[in-house]
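This is coords-v3.cif. It holds mmCIF, C-alpha atoms.
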```
data_coords
#
loop_
_atom_site.label_atom_id
_atom_site.label_comp_id
_atom_site.auth_asym_id
_atom_site.auth_seq_id
_atom_site.Cartn_x
_atom_site.Cartn_y
_atom_site.Cartn_z
CA GLY Q 1 21.68 -51.27 -17.78
CA ILE Q 2 24.44 -53.58 -19.04
CA ALA Q 3 24.53 -51.80 -22.42
CA ARG Q 4 24.56 -48.37 -20.82
CA VAL Q 5 26.95 -48.94 -17.90
CA ILE Q 6 29.33 -51.75 -18.82
CA PHE Q 7 29.61 -50.93 -22.53
CA GLN Q 8 29.31 -47.16 -22.00
CA GLY Q 9 26.49 -46.98 -24.54
CA ALA Q 10 28.55 -48.69 -27.28
CA ALA Q 11 26.26 -51.75 -27.25
CA ALA Q 12 22.54 -52.09 -27.82
CA PRO Q 13 20.18 -54.09 -25.57
CA GLU Q 14 18.79 -56.99 -27.59
CA ARG Q 15 15.56 -59.00 -27.52
CA ALA Q 16 16.58 -61.65 -30.08
CA LEU Q 17 19.69 -63.57 -31.08
CA ALA Q 18 19.57 -62.08 -34.61
CA ASN Q 19 19.26 -58.30 -34.94
CA SER Q 20 18.82 -56.06 -37.98
CA ASP Q 21 22.40 -56.62 -39.17
CA TYR Q 22 21.29 -60.09 -40.25
CA TRP Q 23 18.35 -58.94 -42.38
CA GLY Q 24 19.96 -59.38 -45.78
CA TYR Q 25 16.67 -60.27 -47.45
CA ALA Q 26 12.95 -59.76 -46.72
CA ALA Q 27 13.87 -57.07 -44.21
CA GLY Q 28 10.23 -56.03 -43.77
CA THR Q 29 9.25 -59.52 -42.60
CA PHE Q 30 12.11 -59.71 -40.13
CA ARG Q 31 11.48 -56.18 -38.86
CA ALA Q 32 7.85 -56.99 -38.10
CA ALA Q 33 8.77 -60.29 -36.43
CA HIS Q 34 11.49 -58.68 -34.35
CA GLY Q 35 9.17 -55.89 -33.26
CA ALA Q 36 6.55 -58.41 -32.14
CA LEU Q 37 8.95 -60.03 -29.67
CA PRO Q 38 8.51 -58.92 -26.04
CA GLU Q 39 11.03 -56.45 -24.68
CA ALA Q 40 13.09 -57.50 -21.69
CA SER Q 41 11.66 -55.04 -19.22
CA PRO Q 42 12.22 -55.86 -15.52
CA ASP Q 43 9.22 -57.17 -13.57
CA LEU Q 44 10.57 -58.40 -10.25
CA THR Q 45 7.14 -59.02 -8.76
CA ARG Q 46 6.15 -61.37 -11.57
CA ALA Q 47 9.58 -63.01 -11.49
CA ARG Q 48 9.24 -63.80 -7.78
CA ARG Q 49 5.75 -65.17 -8.39
CA LEU Q 50 6.98 -67.45 -11.17
CA LEU Q 51 9.82 -68.65 -8.95
CA ARG Q 52 7.42 -69.52 -6.15
CA ALA Q 53 5.31 -71.50 -8.60
CA ALA Q 54 8.33 -73.34 -10.02
CA GLY Q 55 9.98 -73.96 -6.67
CA LYS Q 56 13.21 -72.49 -5.36
CA PRO Q 57 16.37 -74.10 -6.82
CA SER Q 58 18.02 -76.65 -4.58
CA ARG Q 59 21.50 -75.40 -5.50
CA PRO Q 60 23.03 -72.19 -6.84
CA LEU Q 61 22.95 -71.41 -10.56
CA THR Q 62 26.59 -71.51 -11.70
CA ILE Q 63 27.68 -69.09 -14.42
CA GLY Q 64 31.07 -69.51 -16.08
CA ILE Q 65 33.00 -66.38 -17.00
CA GLN Q 66 36.34 -65.82 -18.69
CA GLY Q 67 39.20 -64.82 -16.45
CA SER Q 68 40.81 -61.46 -17.20
CA SER Q 69 37.60 -60.20 -18.86
CA ALA Q 70 36.25 -57.14 -17.07
CA VAL Q 71 33.10 -57.26 -19.23
CA HIS Q 72 32.39 -60.85 -18.15
CA GLU Q 73 33.04 -60.06 -14.50
CA GLN Q 74 30.80 -56.98 -14.45
CA THR Q 75 28.01 -58.61 -16.48
CA ALA Q 76 27.97 -61.70 -14.27
CA SER Q 77 27.88 -59.51 -11.16
CA ILE Q 78 24.74 -57.76 -12.44
CA ILE Q 79 23.12 -61.10 -13.29
CA LYS Q 80 24.04 -62.45 -9.86
CA ALA Q 81 22.52 -59.43 -8.12
CA ALA Q 82 19.34 -59.67 -10.18
CA GLY Q 83 19.00 -63.41 -9.55
CA GLU Q 84 19.50 -63.12 -5.82
CA ASP Q 85 17.04 -60.22 -5.71
CA ILE Q 86 14.25 -62.59 -6.75
CA GLY Q 87 15.52 -65.56 -4.75
CA ILE Q 88 17.81 -67.46 -7.14
CA PRO Q 89 21.27 -68.04 -5.65
CA VAL Q 90 23.98 -67.48 -8.28
CA LYS Q 91 27.59 -68.64 -8.19
CA ILE Q 92 30.21 -67.19 -10.53
CA LYS Q 93 32.98 -69.53 -11.68
CA VAL Q 94 36.04 -67.84 -13.16
CA ILE Q 95 37.70 -69.94 -15.86
CA PRO Q 96 41.22 -69.10 -17.12
CA VAL Q 97 41.23 -67.59 -20.60
CA GLU Q 98 43.43 -70.47 -21.83
CA GLN Q 99 40.71 -72.97 -20.91
CA TYR Q 100 37.60 -70.96 -21.73
CA GLY Q 101 37.49 -72.03 -25.36
CA ASN Q 102 37.02 -75.65 -24.23
CA LEU Q 103 33.47 -74.79 -23.14
CA TYR Q 104 32.45 -74.55 -26.81
CA SER Q 105 33.67 -77.99 -27.81
CA ASP Q 106 34.01 -80.22 -24.74
CA ALA Q 107 30.96 -81.32 -22.77
CA LYS Q 108 33.20 -82.36 -19.87
CA ALA Q 109 34.50 -78.79 -19.61
CA ARG Q 110 30.90 -77.63 -19.12
CA GLU Q 111 30.17 -80.04 -16.29
CA GLY Q 112 28.97 -78.19 -13.20
CA ILE Q 113 28.22 -75.04 -15.21
CA ASP Q 114 24.62 -74.03 -15.90
CA ALA Q 115 25.46 -71.13 -18.24
CA PHE Q 116 28.45 -69.24 -19.58
CA LEU Q 117 28.93 -65.86 -21.21
CA SER Q 118 29.83 -65.69 -24.87
CA THR Q 119 30.25 -63.28 -27.76
CA TRP Q 120 28.73 -64.87 -30.86
CA TYR Q 121 29.88 -63.85 -34.32
CA GLY Q 122 27.64 -63.38 -37.33
CA ASN Q 123 28.89 -64.98 -40.55
CA MET Q 124 26.33 -63.90 -43.14
CA PRO Q 125 23.29 -61.58 -43.48
CA ASP Q 126 20.73 -64.28 -42.70
CA PRO Q 127 19.12 -64.80 -39.25
CA LEU Q 128 19.14 -68.52 -39.91
CA ASP Q 129 22.92 -68.34 -39.53
CA VAL Q 130 22.31 -68.00 -35.78
CA TYR Q 131 19.30 -70.25 -35.35
CA ARG Q 132 20.71 -73.22 -37.23
CA VAL Q 133 22.87 -73.98 -34.18
CA PHE Q 134 19.72 -75.41 -32.60
CA THR Q 135 19.67 -78.56 -34.70
CA LYS Q 136 19.56 -81.77 -32.71
CA GLY Q 137 23.06 -82.96 -31.93
CA GLY Q 138 24.62 -79.76 -33.25
CA ARG Q 139 28.11 -78.97 -31.98
CA SER Q 140 27.10 -75.59 -30.56
CA ASN Q 141 23.70 -76.77 -29.30
CA PHE Q 142 25.11 -77.09 -25.80
CA ASP Q 143 22.00 -78.35 -23.99
CA ASP Q 144 20.66 -80.20 -27.07
CA TYR Q 145 17.63 -77.94 -27.44
CA ALA Q 146 15.60 -79.65 -30.17
CA SER Q 147 12.28 -77.79 -30.34
CA VAL Q 148 13.10 -76.13 -33.67
CA ASP Q 149 15.20 -78.87 -35.26
CA GLY Q 150 12.61 -79.60 -37.95
CA ALA Q 151 11.82 -75.92 -38.47
CA VAL Q 152 15.49 -75.09 -39.06
CA LYS Q 153 15.82 -77.82 -41.69
CA GLN Q 154 12.61 -76.66 -43.37
CA ALA Q 155 13.88 -73.08 -43.52
CA GLN Q 156 17.23 -74.20 -44.92
CA ALA Q 157 15.40 -75.93 -47.77
CA ALA Q 158 13.32 -72.84 -48.66
CA TYR Q 159 14.70 -70.98 -51.68
CA ASP Q 160 12.04 -68.28 -51.91
CA PRO Q 161 13.22 -65.36 -49.72
CA ARG Q 162 9.74 -64.49 -48.44
CA GLN Q 163 8.94 -68.09 -47.54
CA ARG Q 164 12.33 -68.51 -45.88
CA ALA Q 165 11.89 -65.29 -43.88
CA ALA Q 166 8.44 -66.38 -42.68
CA LEU Q 167 9.77 -69.75 -41.54
CA VAL Q 168 12.80 -68.21 -39.81
CA SER Q 169 10.61 -65.61 -38.08
CA LYS Q 170 8.36 -68.35 -36.74
CA LEU Q 171 11.21 -70.41 -35.31
CA GLN Q 172 12.80 -67.22 -33.94
CA ALA Q 173 9.64 -66.64 -31.89
CA THR Q 174 9.89 -70.18 -30.49
CA VAL Q 175 13.58 -69.80 -29.59
CA SER Q 176 12.93 -66.41 -27.98
CA ARG Q 177 10.15 -67.92 -25.87
CA ASP Q 178 12.11 -71.01 -24.78
CA ASP Q 179 15.35 -69.04 -24.31
CA PRO Q 180 18.03 -71.75 -24.75
CA TRP Q 181 20.44 -68.87 -25.31
CA THR Q 182 19.73 -65.53 -23.63
CA PRO Q 183 20.54 -62.47 -25.74
CA ILE Q 184 21.90 -59.56 -23.73
CA THR Q 185 23.44 -56.96 -26.04
CA SER Q 186 24.56 -56.63 -29.63
CA LEU Q 187 28.00 -55.16 -30.32
CA PRO Q 188 29.25 -53.33 -33.41
CA VAL Q 189 32.38 -54.30 -35.33
CA ILE Q 190 34.73 -51.33 -34.97
CA LEU Q 191 37.27 -50.79 -37.72
CA TYR Q 192 39.92 -48.07 -37.85
CA MET Q 193 41.69 -47.42 -41.16
CA ASN Q 194 43.94 -44.72 -42.54
CA LYS Q 195 42.07 -42.81 -45.26
CA ARG Q 196 44.89 -43.50 -47.73
CA ILE Q 197 44.20 -47.26 -47.94
CA THR Q 198 41.16 -49.44 -48.48
CA GLY Q 199 40.08 -53.06 -48.67
CA ALA Q 200 39.42 -54.16 -45.09
CA VAL Q 201 36.17 -56.03 -44.43
CA ALA Q 202 34.15 -54.75 -41.45
CA SER Q 203 32.85 -58.10 -40.24
CA PHE Q 204 33.97 -61.07 -38.19
CA SER Q 205 35.17 -62.78 -41.36
CA TYR Q 206 38.65 -61.67 -40.29
CA LEU Q 207 38.64 -64.74 -38.04
CA TYR Q 208 38.82 -67.13 -41.00
CA TYR Q 209 39.26 -65.03 -44.17
CA PRO Q 210 42.63 -63.85 -45.60
CA TRP Q 211 41.59 -60.23 -45.23
CA ALA Q 212 45.08 -58.77 -45.58
CA VAL Q 213 45.25 -59.67 -49.30
CA GLY Q 214 42.55 -57.08 -49.98
CA ILE Q 215 44.41 -54.19 -48.35
CA GLY Q 216 45.82 -51.67 -50.77
CA ALA Q 217 46.06 -48.07 -51.84
CA ARG Q 218 43.14 -46.26 -53.44
#
```
What would the structure in this file look like if it were written as structure tokens?
Amino acid sequence: GIARVIFQGAAAPERALANSDYWGYAAGTFRAAHGALPEASPDLTRARRLLRAAGKPSRPLTIGIQGSSAVHEQTASIIKAAGEDIGIPVKIKVIPVEQYGNLYSDAKAREGIDAFLSTWYGNMPDPLDVYRVFTKGGRSNFDDYASVDGAVKQAQAAYDPRQRAALVSKLQATVSRDDPWTPITSLPVILYMNKRITGAVASFSYLYYPWAVGIGAR
């Protein structure tokens, strides 16, 4: 629903943190592993049953969103409605855009916030690029999730592509089950260029790469 309504069909619903754009090697292994992950299909009856077993939260779940972002506001509203439908009270905290970046680097800025919305950028065609954030003590491992710390280091040390893909697929299944980060949608990089020039790179490397030096005529 978020992909269809909020993004007007320009995003794809996602079941994992690393989609097919990351499969730069051993694509068959990653395709099979990705396909084996459960789809996020709504089951409100089961959700309410699980909540009864776990016990109703004593306080609202607070989600941080970026001020001035219509996508954040609309997405959080859908999450809030879904949570309250099964009995989880949800509070939305709007954080000014000038301060939102602090959530990524300052633990004090995250105090009182149970989750926040983010757009994560892929750097290279390797799913491990995403999952290596879950190393113990990692800067972006916001709740210090450590269940795959050893598995990430083992995969990083694997030079054989098939062995590396098997190890990454295994830890991906663990991360998807434990859900330290919840994938919602994947977004394309949209690039507009005049047909008379070339050289731009269609990836998020524009954030840290001197992309303009490659622009030129055919």
So which residues get picked by the PyMOL selection byres ((chain Q and resi 150) around 12) here, written as a ChimeraX atom specification? /Q:131-132,134-136,145-149,151-157,167-168,171
Would you output that residue set with C-alpha atoms, as a short mmCIF file (atom, residue, chain, number, x, y, z; two decimals), keeping the file's coordinate frame?
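Full text of out.cif as output:
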```cif
data_model
loop_
_atom_site.label_atom_id
_atom_site.label_comp_id
_atom_site.auth_asym_id
_atom_site.auth_seq_id
_atom_site.Cartn_x
_atom_site.Cartn_y
_atom_site.Cartn_z
CA TYR Q 131 19.30 -70.25 -35.35
CA ARG Q 132 20.71 -73.22 -37.23
CA PHE Q 134 19.72 -75.41 -32.60
CA THR Q 135 19.67 -78.56 -34.70
CA LYS Q 136 19.56 -81.77 -32.71
CA TYR Q 145 17.63 -77.94 -27.44
CA ALA Q 146 15.60 -79.65 -30.17
CA SER Q 147 12.28 -77.79 -30.34
CA VAL Q 148 13.10 -76.13 -33.67
CA ASP Q 149 15.20 -78.87 -35.26
CA ALA Q 151 11.82 -75.92 -38.47
CA VAL Q 152 15.49 -75.09 -39.06
CA LYS Q 153 15.82 -77.82 -41.69
CA GLN Q 154 12.61 -76.66 -43.37
CA ALA Q 155 13.88 -73.08 -43.52
CA GLN Q 156 17.23 -74.20 -44.92
CA ALA Q 157 15.40 -75.93 -47.77
CA LEU Q 167 9.77 -69.75 -41.54
CA VAL Q 168 12.80 -68.21 -39.81
CA LEU Q 171 11.21 -70.41 -35.31
#
```
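The shell of residues at most 7 Å from Ala26 in chain Q, with all atoms listed in the file counted and near chain neighbours (fewer than 2 positions) removed, consists of Q:Trp23, Q:Gly28, Q:Thr29, Q:Phe30, Q:Pro161, Q:Arg162, Q:Ala165.
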With only C-alpha atoms as the atoms that count, which of Q:Thr185, Q:Ser169, Q:Thr198, Q:Ser205 lies nearest to Ala27 in chain Q? Q:Ser169
Distance in Å - CA of Leu50 in chain Q versus CA of Ile88 in chain Q: 11.6 Å
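Going from CA of Ser186 in chain Q over to CA of Tyr206 in chain Q, you cover 18.4 Å.
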Between CA of Arg15 in chain Q and CA of Glu111 in chain Q, what is the distance, to one decimal in Å? 28.0 Å
Ground truth for the PyMOL selection byres ((chain Q and resi 38) around 12), written as a list in words: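 Answer for the PyMOL selection byres ((chain Q and resi 38) around 12): Glu14, Arg15, Ala16, Ala33, His34, Gly35, Ala36, Leu37, Glu39, Ala40, Ser41, Pro42, Ala173, Ser176 and Arg177 of chain Q.
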Which residues match the PyMOL selection byres ((chain Q and resi 97) around 9) in the file above, as a PyMOL selection string? chain Q and resi 66-69+95-96+98-101
Find, counting all atoms listed in the file, the residue in Q:Ser118, Q:Ser58, Q:Ser140, Q:Gln163 that gets nearest to Pro183 in chain Q. Q:Ser118
Would you pick out the contacts of Leu207 in chain Q at 10 Å or less, using only C-alpha atoms, so that residues sharing its chain but fewer than 4 positions from it are not included, and give the list as a count of residues only? 3
Atoms are missing here; could range 129-154 of chain Q be completed with N, CA, C and O atoms and written as a PDB file, in the coordinates of the input?
```pdb
ATOM      1  N   ASP Q 129      21.537 -68.069 -39.876  1.00  0.00           N
ATOM      2  CA  ASP Q 129      22.920 -68.340 -39.530  1.00  0.00           C
ATOM      3  C   ASP Q 129      23.077 -68.555 -38.028  1.00  0.00           C
ATOM      4  O   ASP Q 129      23.905 -69.362 -37.585  1.00  0.00           O
ATOM      5  N   VAL Q 130      22.277 -67.841 -37.236  1.00  0.00           N
ATOM      6  CA  VAL Q 130      22.310 -68.000 -35.780  1.00  0.00           C
ATOM      7  C   VAL Q 130      21.466 -69.196 -35.363  1.00  0.00           C
ATOM      8  O   VAL Q 130      21.919 -70.066 -34.601  1.00  0.00           O
ATOM      9  N   TYR Q 131      20.253 -69.269 -35.864  1.00  0.00           N
ATOM     10  CA  TYR Q 131      19.300 -70.250 -35.350  1.00  0.00           C
ATOM     11  C   TYR Q 131      19.574 -71.687 -35.792  1.00  0.00           C
ATOM     12  O   TYR Q 131      19.055 -72.626 -35.191  1.00  0.00           O
ATOM     13  N   ARG Q 132      20.414 -71.855 -36.808  1.00  0.00           N
ATOM     14  CA  ARG Q 132      20.710 -73.220 -37.230  1.00  0.00           C
ATOM     15  C   ARG Q 132      21.584 -73.969 -36.217  1.00  0.00           C
ATOM     16  O   ARG Q 132      21.774 -75.180 -36.344  1.00  0.00           O
ATOM     17  N   VAL Q 133      22.115 -73.276 -35.219  1.00  0.00           N
ATOM     18  CA  VAL Q 133      22.870 -73.980 -34.180  1.00  0.00           C
ATOM     19  C   VAL Q 133      21.960 -74.890 -33.361  1.00  0.00           C
ATOM     20  O   VAL Q 133      22.434 -75.803 -32.690  1.00  0.00           O
ATOM     21  N   PHE Q 134      20.638 -74.638 -33.433  1.00  0.00           N
ATOM     22  CA  PHE Q 134      19.720 -75.410 -32.600  1.00  0.00           C
ATOM     23  C   PHE Q 134      19.197 -76.671 -33.296  1.00  0.00           C
ATOM     24  O   PHE Q 134      18.066 -77.102 -33.068  1.00  0.00           O
ATOM     25  N   THR Q 135      20.017 -77.266 -34.140  1.00  0.00           N
ATOM     26  CA  THR Q 135      19.670 -78.560 -34.700  1.00  0.00           C
ATOM     27  C   THR Q 135      20.076 -79.639 -33.699  1.00  0.00           C
ATOM     28  O   THR Q 135      21.055 -79.487 -32.963  1.00  0.00           O
ATOM     29  N   LYS Q 136      19.315 -80.702 -33.686  1.00  0.00           N
ATOM     30  CA  LYS Q 136      19.560 -81.770 -32.710  1.00  0.00           C
ATOM     31  C   LYS Q 136      20.942 -82.361 -32.926  1.00  0.00           C
ATOM     32  O   LYS Q 136      21.321 -82.733 -34.028  1.00  0.00           O
ATOM     33  N   GLY Q 137      21.718 -82.417 -31.857  1.00  0.00           N
ATOM     34  CA  GLY Q 137      23.060 -82.960 -31.930  1.00  0.00           C
ATOM     35  C   GLY Q 137      24.090 -81.999 -32.472  1.00  0.00           C
ATOM     36  O   GLY Q 137      25.255 -82.365 -32.654  1.00  0.00           O
ATOM     37  N   GLY Q 138      23.694 -80.743 -32.720  1.00  0.00           N
ATOM     38  CA  GLY Q 138      24.620 -79.760 -33.250  1.00  0.00           C
ATOM     39  C   GLY Q 138      25.756 -79.464 -32.280  1.00  0.00           C
ATOM     40  O   GLY Q 138      25.571 -79.483 -31.060  1.00  0.00           O
ATOM     41  N   ARG Q 139      26.917 -79.154 -32.818  1.00  0.00           N
ATOM     42  CA  ARG Q 139      28.110 -78.970 -31.980  1.00  0.00           C
ATOM     43  C   ARG Q 139      27.940 -77.813 -31.003  1.00  0.00           C
ATOM     44  O   ARG Q 139      28.426 -77.878 -29.870  1.00  0.00           O
ATOM     45  N   SER Q 140      27.267 -76.747 -31.431  1.00  0.00           N
ATOM     46  CA  SER Q 140      27.100 -75.590 -30.560  1.00  0.00           C
ATOM     47  C   SER Q 140      25.758 -75.585 -29.833  1.00  0.00           C
ATOM     48  O   SER Q 140      25.439 -74.620 -29.137  1.00  0.00           O
ATOM     49  N   ASN Q 141      24.979 -76.644 -29.995  1.00  0.00           N
ATOM     50  CA  ASN Q 141      23.700 -76.770 -29.300  1.00  0.00           C
ATOM     51  C   ASN Q 141      23.971 -77.396 -27.937  1.00  0.00           C
ATOM     52  O   ASN Q 141      23.733 -78.567 -27.712  1.00  0.00           O
ATOM     53  N   PHE Q 142      24.474 -76.583 -27.011  1.00  0.00           N
ATOM     54  CA  PHE Q 142      25.110 -77.090 -25.800  1.00  0.00           C
ATOM     55  C   PHE Q 142      24.190 -77.902 -24.895  1.00  0.00           C
ATOM     56  O   PHE Q 142      24.649 -78.812 -24.218  1.00  0.00           O
ATOM     57  N   ASP Q 143      22.900 -77.555 -24.824  1.00  0.00           N
ATOM     58  CA  ASP Q 143      22.000 -78.350 -23.990  1.00  0.00           C
ATOM     59  C   ASP Q 143      21.053 -79.189 -24.848  1.00  0.00           C
ATOM     60  O   ASP Q 143      20.027 -79.666 -24.376  1.00  0.00           O
ATOM     61  N   ASP Q 144      21.413 -79.369 -26.121  1.00  0.00           N
ATOM     62  CA  ASP Q 144      20.660 -80.200 -27.070  1.00  0.00           C
ATOM     63  C   ASP Q 144      19.198 -79.773 -27.149  1.00  0.00           C
ATOM     64  O   ASP Q 144      18.288 -80.597 -27.145  1.00  0.00           O
ATOM     65  N   TYR Q 145      18.975 -78.488 -27.236  1.00  0.00           N
ATOM     66  CA  TYR Q 145      17.630 -77.940 -27.440  1.00  0.00           C
ATOM     67  C   TYR Q 145      17.149 -78.348 -28.826  1.00  0.00           C
ATOM     68  O   TYR Q 145      17.797 -78.055 -29.834  1.00  0.00           O
ATOM     69  N   ALA Q 146      16.026 -79.050 -28.901  1.00  0.00           N
ATOM     70  CA  ALA Q 146      15.600 -79.650 -30.170  1.00  0.00           C
ATOM     71  C   ALA Q 146      14.225 -79.204 -30.639  1.00  0.00           C
ATOM     72  O   ALA Q 146      13.701 -79.756 -31.607  1.00  0.00           O
ATOM     73  N   SER Q 147      13.645 -78.191 -30.004  1.00  0.00           N
ATOM     74  CA  SER Q 147      12.280 -77.790 -30.340  1.00  0.00           C
ATOM     75  C   SER Q 147      12.124 -77.234 -31.750  1.00  0.00           C
ATOM     76  O   SER Q 147      11.029 -77.252 -32.309  1.00  0.00           O
ATOM     77  N   VAL Q 148      13.204 -76.710 -32.333  1.00  0.00           N
ATOM     78  CA  VAL Q 148      13.100 -76.130 -33.670  1.00  0.00           C
ATOM     79  C   VAL Q 148      13.948 -76.891 -34.682  1.00  0.00           C
ATOM     80  O   VAL Q 148      14.216 -76.393 -35.781  1.00  0.00           O
ATOM     81  N   ASP Q 149      14.354 -78.088 -34.362  1.00  0.00           N
ATOM     82  CA  ASP Q 149      15.200 -78.870 -35.260  1.00  0.00           C
ATOM     83  C   ASP Q 149      14.565 -79.015 -36.643  1.00  0.00           C
ATOM     84  O   ASP Q 149      15.191 -78.711 -37.667  1.00  0.00           O
ATOM     85  N   GLY Q 150      13.311 -79.437 -36.665  1.00  0.00           N
ATOM     86  CA  GLY Q 150      12.610 -79.600 -37.950  1.00  0.00           C
ATOM     87  C   GLY Q 150      12.387 -78.283 -38.647  1.00  0.00           C
ATOM     88  O   GLY Q 150      12.499 -78.184 -39.881  1.00  0.00           O
ATOM     89  N   ALA Q 151      12.081 -77.237 -37.891  1.00  0.00           N
ATOM     90  CA  ALA Q 151      11.820 -75.920 -38.470  1.00  0.00           C
ATOM     91  C   ALA Q 151      13.082 -75.346 -39.111  1.00  0.00           C
ATOM     92  O   ALA Q 151      13.018 -74.695 -40.156  1.00  0.00           O
ATOM     93  N   VAL Q 152      14.233 -75.567 -38.496  1.00  0.00           N
ATOM     94  CA  VAL Q 152      15.490 -75.090 -39.060  1.00  0.00           C
ATOM     95  C   VAL Q 152      15.764 -75.776 -40.397  1.00  0.00           C
ATOM     96  O   VAL Q 152      16.124 -75.128 -41.400  1.00  0.00           O
ATOM     97  N   LYS Q 153      15.572 -77.078 -40.450  1.00  0.00           N
ATOM     98  CA  LYS Q 153      15.820 -77.820 -41.690  1.00  0.00           C
ATOM     99  C   LYS Q 153      14.829 -77.406 -42.784  1.00  0.00           C
ATOM    100  O   LYS Q 153      15.192 -77.322 -43.964  1.00  0.00           O
ATOM    101  N   GLN Q 154      13.599 -77.123 -42.396  1.00  0.00           N
ATOM    102  CA  GLN Q 154      12.610 -76.660 -43.370  1.00  0.00           C
ATOM    103  C   GLN Q 154      12.994 -75.293 -43.933  1.00  0.00           C
ATOM    104  O   GLN Q 154      12.888 -75.055 -45.142  1.00  0.00           O
TER     105      GLN Q 154
END
```
